[in-house]
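A.B. asks: Pasting in a structure now, in structure tokens, and then I'll have a few things to ask.
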Amino acid sequence: MILTTVDQSREPALTSERGLSRRYAAPRWTPLNWVRGGGLTAFLFLLPLLFIFGAFSWYPIVRTAIMAFQHTNLVEAPTWVGFQNFAAVWHDPQFPTAVKNTAYFAFLALIFGYPIPLIAAVLMSEVRKRRGVYAVLAYLPVVIPPVVGVLLWKTFYDASSLGVFNTILHWVGLGPYPWLQSGQWAMPSLVLYSTWANAGATIIIYLAALTAVNPELYEAASVDGAGVLRKIWHVTLPQIRGVLLVTMILQIIGTAQVFLEPYLFTSGGPANATLTVLLLIYDYAFGNSLGGDYGMATALSLMLAGFLAVFSLVYWRATRSWSTA
Amino acid sequence: MSQPDSRGLISELEWQKPSTRWGMRTLHVLLLVGLVVIGLGPILWLAKSAITPTLDTISHPMALFPHGAAWSNLSQAWNEVHVGRYFWNTIVLAFGSWAVQIVVATTGGFALSVLRPRYAPIIKGLLLATLFIPTIVLLVPLYIEVVHLPIVHKSLINNYWAVWFPAGASAFNVILVTRFFDNLPREIFEAAEIDGAGPLQLFWRIVLPMSKPILGVVSVFALLASWRDFLWPLLVLPDPNIQPLSVRLPSIASQTSLGVFFAAMAIACLVPIAGFLIFQRSFLRGTGLGGAIKG
């Protein structure tokens, strides 16, 4: 139902013919005619948007592209340095580590975080009584401020045998596990928290998509003798594949920019095991109290943005024939 | 037993079969238990630990009040660790960000959807373009801009406008509101025009009152996003006295006992959870909308 209301974004034919400002449109453009025709009013209404986006979105975006080729320290005038910033990032021994860790985080998040909301949403869509309770419970972790979530889970992950998770696992004869203190387990621990914190929003998106599936398709499949699992495979999944593809690319773009979890859980440790690209950007720009290397930071953000743009384009091309939505 | 909306994955006929019915019921009970343990469990644990003496939480993290409750954690957090002040800072920041976002989204949406100047498609294109640019690209240049504003040559560091202004630049809000305005019936605008209403009256008396549902969605997400914000206020508000709660929490952890720290975290969760439970319809509807628009 939600989907259909949004899809009706087609414009009523009436208004595309004559928007209010063009009602009095004069044959020749003069400032006076512009004001009389409502041009000034429209401009005044747009002013807040133009100011805010111009100053705090469009201008900084352009400035990134410039700063990546400059040496800036906020005191002296910036100097052009060509591709030096990019080369410095490329030769930084931490760069491959950060890329590898970020890819690992995104991969693990996809393995754990992608199927769980889908399974939960398909099950929830068949709940007949008090479905709202399920939705509220699933969404609850999403409204917890991430700082609280991370700091809370940091206590859960306490590596001593008195840690919360280790206590629970001790009941069933497991552990204690080192969690964040081991280079091997730190990243999976971050992914586990991240899945907990974000799955609810994806579940709600899937639930909305599932209610939009035409029930006649299920009836037709039933008539053909399909059982529940075959209906999920042949009706549900193909019907919501557009949403599935979008949530997947959004999740990849989101996890490529993971910052808060490694920053607050482990500060990139132990031994750089959770150093991500965003953490490296932060370190370049703000990690050094003597003044940041803004050129390197913007160069790396530009590299990440460029990679994500290319990746999205390839992804969109590769899945275009498969997706109808 | 059968309900009007029950035509779904499982047909009525299958639902009549005891094996399917009990299988699904078992799955649903398991799902509910899982959701309670996973979704609610950590929050209940935080609530419990917020009023448990520090020593009990350390030595028996899963025990329920082995030596009674310590309500003093809450008052200590509020007064001695100054959570009260940070709480107030968070509220001021959230409402300022909300106000800027609402003003930008409604006036911009009205101009783009109803007034439609000739250059509107260009602005819409520029707005859409920002949706595709990861937020990280903005971080460093925005910070440098705030440190030294061009043209006026002032610094916005330690000024709440450094948070409020950039919060308004949410293309997602503007597009959501513009699409909603697009679907309002034009006949009403025409009728209002014939009755002599100018654009300002049209905006204030007709479009805004008709847009309460979408403004509700934008508002809850604006307030929630501000409450969650961490990195940006950390960068531009270095003065601890004016920082919001989420920025202060990591430093509070090292300043006080564990019990008081949990109390501070519980206080930080209170408003978002209460807001979610009251306005859950807007939250869930908005999340669904988000998926649809991004699709």
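Simple scheme: letters A, B, ... for chains in structure tokens order, numbers from 1 for residues in each chain, numbers from 1 for ligands in the order shown.
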Within 8 Å of Val163 in chain B, counting only C-alpha atoms, which residues show up once you throw out same-chain ones fewer than 3 positions away? Write them as a list in words, please.
C.D. replies: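 Here the answer would be Leu93, Ser97, Asn159, Tyr160, Pro166, Ala167, Trp232, Pro233 and Val236 of chain B.
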A.B. asks: When you look at Thr106 in chain B with a cut-off of 8 Å (counting only C-alpha atoms), what residues show up, excluding the ones that are within fewer than 2 positions of it in the same chain? I need them as JSON, numbers by chain.
C.D. replies: {"B": [102, 103, 104, 108, 109, 110, 174, 177, 178, 208]}
A.B. asks: Considering only C-alpha atoms, state which residue in the set A:Asn101, A:Thr41, A:Thr64, A:Thr211 is at the smallest distance from Ile133 in chain B.
C.D. replies: A:Thr64
A.B. asks: Can you pull out every residue within 7 Å of range 138-153 of chain B, counting only C-alpha atoms, but drop anything in the same chain fewer than 3 positions away, and send it as a VMD selection string?
C.D. replies: (chain A and resid 56 60 to 61 63 to 64 294 298) or (chain B and resid 135 156 to 157 162)
A.B. asks: Keeping N, CA and C atoms for every residue in the selection just given, could you write it to a file as an mmCIF file, in the first residue's frame?
C.D. replies:
```cif
data_model
loop_
_atom_site.group_PDB
_atom_site.id
_atom_site.type_symbol
_atom_site.label_atom_id
_atom_site.label_comp_id
_atom_site.auth_asym_id
_atom_site.auth_seq_id
_atom_site.Cartn_x
_atom_site.Cartn_y
_atom_site.Cartn_z
ATOM 1 N N PHE A 56 26.149 24.233 2.078
ATOM 2 C CA PHE A 56 26.509 23.082 2.913
ATOM 3 C C PHE A 56 26.388 21.748 2.196
ATOM 4 N N PRO A 60 30.679 22.284 -0.712
ATOM 5 C CA PRO A 60 31.694 21.353 -0.196
ATOM 6 C C PRO A 60 31.989 20.186 -1.130
ATOM 7 N N ILE A 61 30.983 19.738 -1.892
ATOM 8 C CA ILE A 61 31.243 18.638 -2.830
ATOM 9 C C ILE A 61 32.273 19.072 -3.867
ATOM 10 N N ARG A 63 34.337 21.491 -3.518
ATOM 11 C CA ARG A 63 35.587 21.788 -2.838
ATOM 12 C C ARG A 63 36.419 20.529 -2.577
ATOM 13 N N THR A 64 35.741 19.393 -2.322
ATOM 14 C CA THR A 64 36.475 18.132 -2.154
ATOM 15 C C THR A 64 37.328 17.849 -3.373
ATOM 16 N N TYR A 294 44.646 17.478 5.291
ATOM 17 C CA TYR A 294 43.332 17.497 4.657
ATOM 18 C C TYR A 294 43.404 17.040 3.204
ATOM 19 N N THR A 298 40.901 14.192 1.827
ATOM 20 C CA THR A 298 39.938 14.371 0.737
ATOM 21 C C THR A 298 40.285 13.458 -0.428
ATOM 22 N N THR B 135 28.055 10.599 2.054
ATOM 23 C CA THR B 135 28.200 11.710 2.987
ATOM 24 C C THR B 135 29.657 11.959 3.368
ATOM 25 N N LEU B 156 32.352 29.046 12.835
ATOM 26 C CA LEU B 156 31.140 28.550 13.493
ATOM 27 C C LEU B 156 31.470 27.461 14.518
ATOM 28 N N ILE B 157 32.766 27.253 14.783
ATOM 29 C CA ILE B 157 33.136 26.234 15.772
ATOM 30 C C ILE B 157 32.551 26.623 17.123
ATOM 31 N N ALA B 162 26.555 25.502 13.362
ATOM 32 C CA ALA B 162 27.428 24.590 12.624
ATOM 33 C C ALA B 162 26.782 23.218 12.476
#
```
A.B. asks: At a cut-off of 10 Å, can you tabulate as a tab-separated table every residue of range 180-292 of chain A near range 131-152 of chain A together with its closest atom pair and the distance in Å to one decimal, using only C-alpha atoms and ordering rows by chain then number?
C.D. replies:
```
residue	atom	partner	partner_atom	distance
A:Leu190	CA	A:Val150	CA	8.9
A:Tyr193	CA	A:Val150	CA	7.4
A:Ser194	CA	A:Val150	CA	8.8
A:Thr195	CA	A:Pro141	CA	9.9
A:Trp196	CA	A:Pro141	CA	6.9
A:Ala197	CA	A:Pro141	CA	5.3
A:Asn198	CA	A:Val142	CA	5.9
A:Ala199	CA	A:Ala138	CA	7.7
A:Gly200	CA	A:Tyr139	CA	4.3
A:Ala201	CA	A:Tyr139	CA	6.2
A:Thr202	CA	A:Tyr139	CA	9.1
A:Ile203	CA	A:Ala138	CA	7.5
A:Ile204	CA	A:Ala135	CA	7.0
A:Leu207	CA	A:Ala135	CA	8.9
A:Leu260	CA	A:Val147	CA	7.8
A:Glu261	CA	A:Val150	CA	6.6
A:Pro262	CA	A:Val150	CA	9.6
A:Tyr263	CA	A:Val150	CA	9.8
A:Leu264	CA	A:Val150	CA	6.9
A:Phe265	CA	A:Val150	CA	6.7
```
A.B. asks: Skip Phe259 in chain A itself and residues of its chain fewer than 4 positions away, then list as JSON, numbers by chain all residues within 10 Å of it, counting only C-alpha atoms.
C.D. replies: {"A": [102, 254, 255, 263, 264, 267, 268, 275, 276, 277, 278, 279, 280, 281, 282], "B": [136, 231]}
A.B. asks: If you keep C-alpha atoms, can you produce a file of those selected residues as an mmCIF file, in the first residue's frame?
C.D. replies:
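Listed below is the output, selection-v7.cif:
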```cif
data_model
loop_
_atom_site.group_PDB
_atom_site.id
_atom_site.type_symbol
_atom_site.label_atom_id
_atom_site.label_comp_id
_atom_site.auth_asym_id
_atom_site.auth_seq_id
_atom_site.Cartn_x
_atom_site.Cartn_y
_atom_site.Cartn_z
ATOM 1 C CA THR A 102 36.506 -2.552 5.002
ATOM 2 C CA GLY A 254 26.661 1.867 3.855
ATOM 3 C CA THR A 255 29.119 -0.730 5.122
ATOM 4 C CA TYR A 263 36.028 4.108 16.212
ATOM 5 C CA LEU A 264 34.204 3.431 19.473
ATOM 6 C CA SER A 267 39.806 2.502 17.715
ATOM 7 C CA GLY A 268 40.957 0.385 14.790
ATOM 8 C CA LEU A 275 41.126 -0.080 10.763
ATOM 9 C CA THR A 276 38.591 0.885 8.076
ATOM 10 C CA VAL A 277 38.822 3.367 5.216
ATOM 11 C CA LEU A 278 36.704 5.930 7.049
ATOM 12 C CA LEU A 279 38.782 5.590 10.174
ATOM 13 C CA LEU A 280 41.868 6.227 8.054
ATOM 14 C CA ILE A 281 40.259 9.344 6.554
ATOM 15 C CA TYR A 282 39.432 10.527 10.075
ATOM 16 C CA ILE B 136 31.863 11.047 3.707
ATOM 17 C CA LEU B 231 30.860 12.447 14.501
#
```
A.B. asks: I'd like to know which of A:Ala297, A:Ile66, A:Met187, A:Val172 is closest to Trp80 in chain A, using only C-alpha atoms.
C.D. replies: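 Of A:Ala297, A:Ile66, A:Met187, A:Val172, the one nearest Trp80 in chain A, counting only C-alpha atoms, is A:Ile66.
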A.B. asks: Run DSSP on the backbone of this structure and report the residues of range 1-87 of chain B it assigns to helix (DSSP H, G or I), as JSON, numbers by chain.
C.D. replies: {"B": [12, 13, 14, 15, 16, 18, 19, 20, 21, 22, 23, 24, 25, 26, 27, 28, 29, 30, 31, 32, 33, 34, 35, 36, 37, 38, 39, 40, 41, 42, 43, 44, 45, 46, 47, 48, 49, 50, 54, 55, 56, 57, 58, 59, 72, 73, 74, 75, 76, 77, 78, 79, 83, 84, 85, 86, 87]}
A.B. asks: Separation of CA of Ser161 in chain A and CA of Ala63 in chain B, in Å?
C.D. replies: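 Those two atoms sit 14.6 Å apart.
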A.B. asks: With only C-alpha atoms as the atoms that count, which of B:Leu131, B:Ala169, B:Ile242, B:Ile51 lies nearest to chain A?
C.D. replies: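 The shortest atom-to-atom distance to chain A comes from B:Ala169.
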A.B. asks: Using CA of Gly242 in chain A and CA of Pro188 in chain A as the two end points, give the distance in Å to one decimal.
C.D. replies: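 Separation between CA of Gly242 in chain A and CA of Pro188 in chain A: 28.7 Å.
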A.B. asks: Enter the distance from CA of Val114 in chain B to CA of Phe43 in chain A, in Å, rounded to one decimal.
C.D. replies: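 Atom-to-atom, CA of Val114 in chain B to CA of Phe43 in chain A, that is 12.5 Å.
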A.B. asks: Considering only C-alpha atoms, return as an NGL selection string whatever protein or nucleic-acid residues lie within 9 Å of Thr236 in chain A, sequence-local ones (same chain, fewer than 3 positions apart) excluded.
C.D. replies: (:A and (122 or 210 or 213 or 218 or 231-233 or 239-241)) or (:B and (9))
A.B. asks: Counting only C-alpha atoms, figure out which residue out of A:Trp179, A:Phe83, A:Phe286, A:Trp185 gets nearest to chain B.
C.D. replies: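 The answer is A:Phe286, which sits nearest to chain B.
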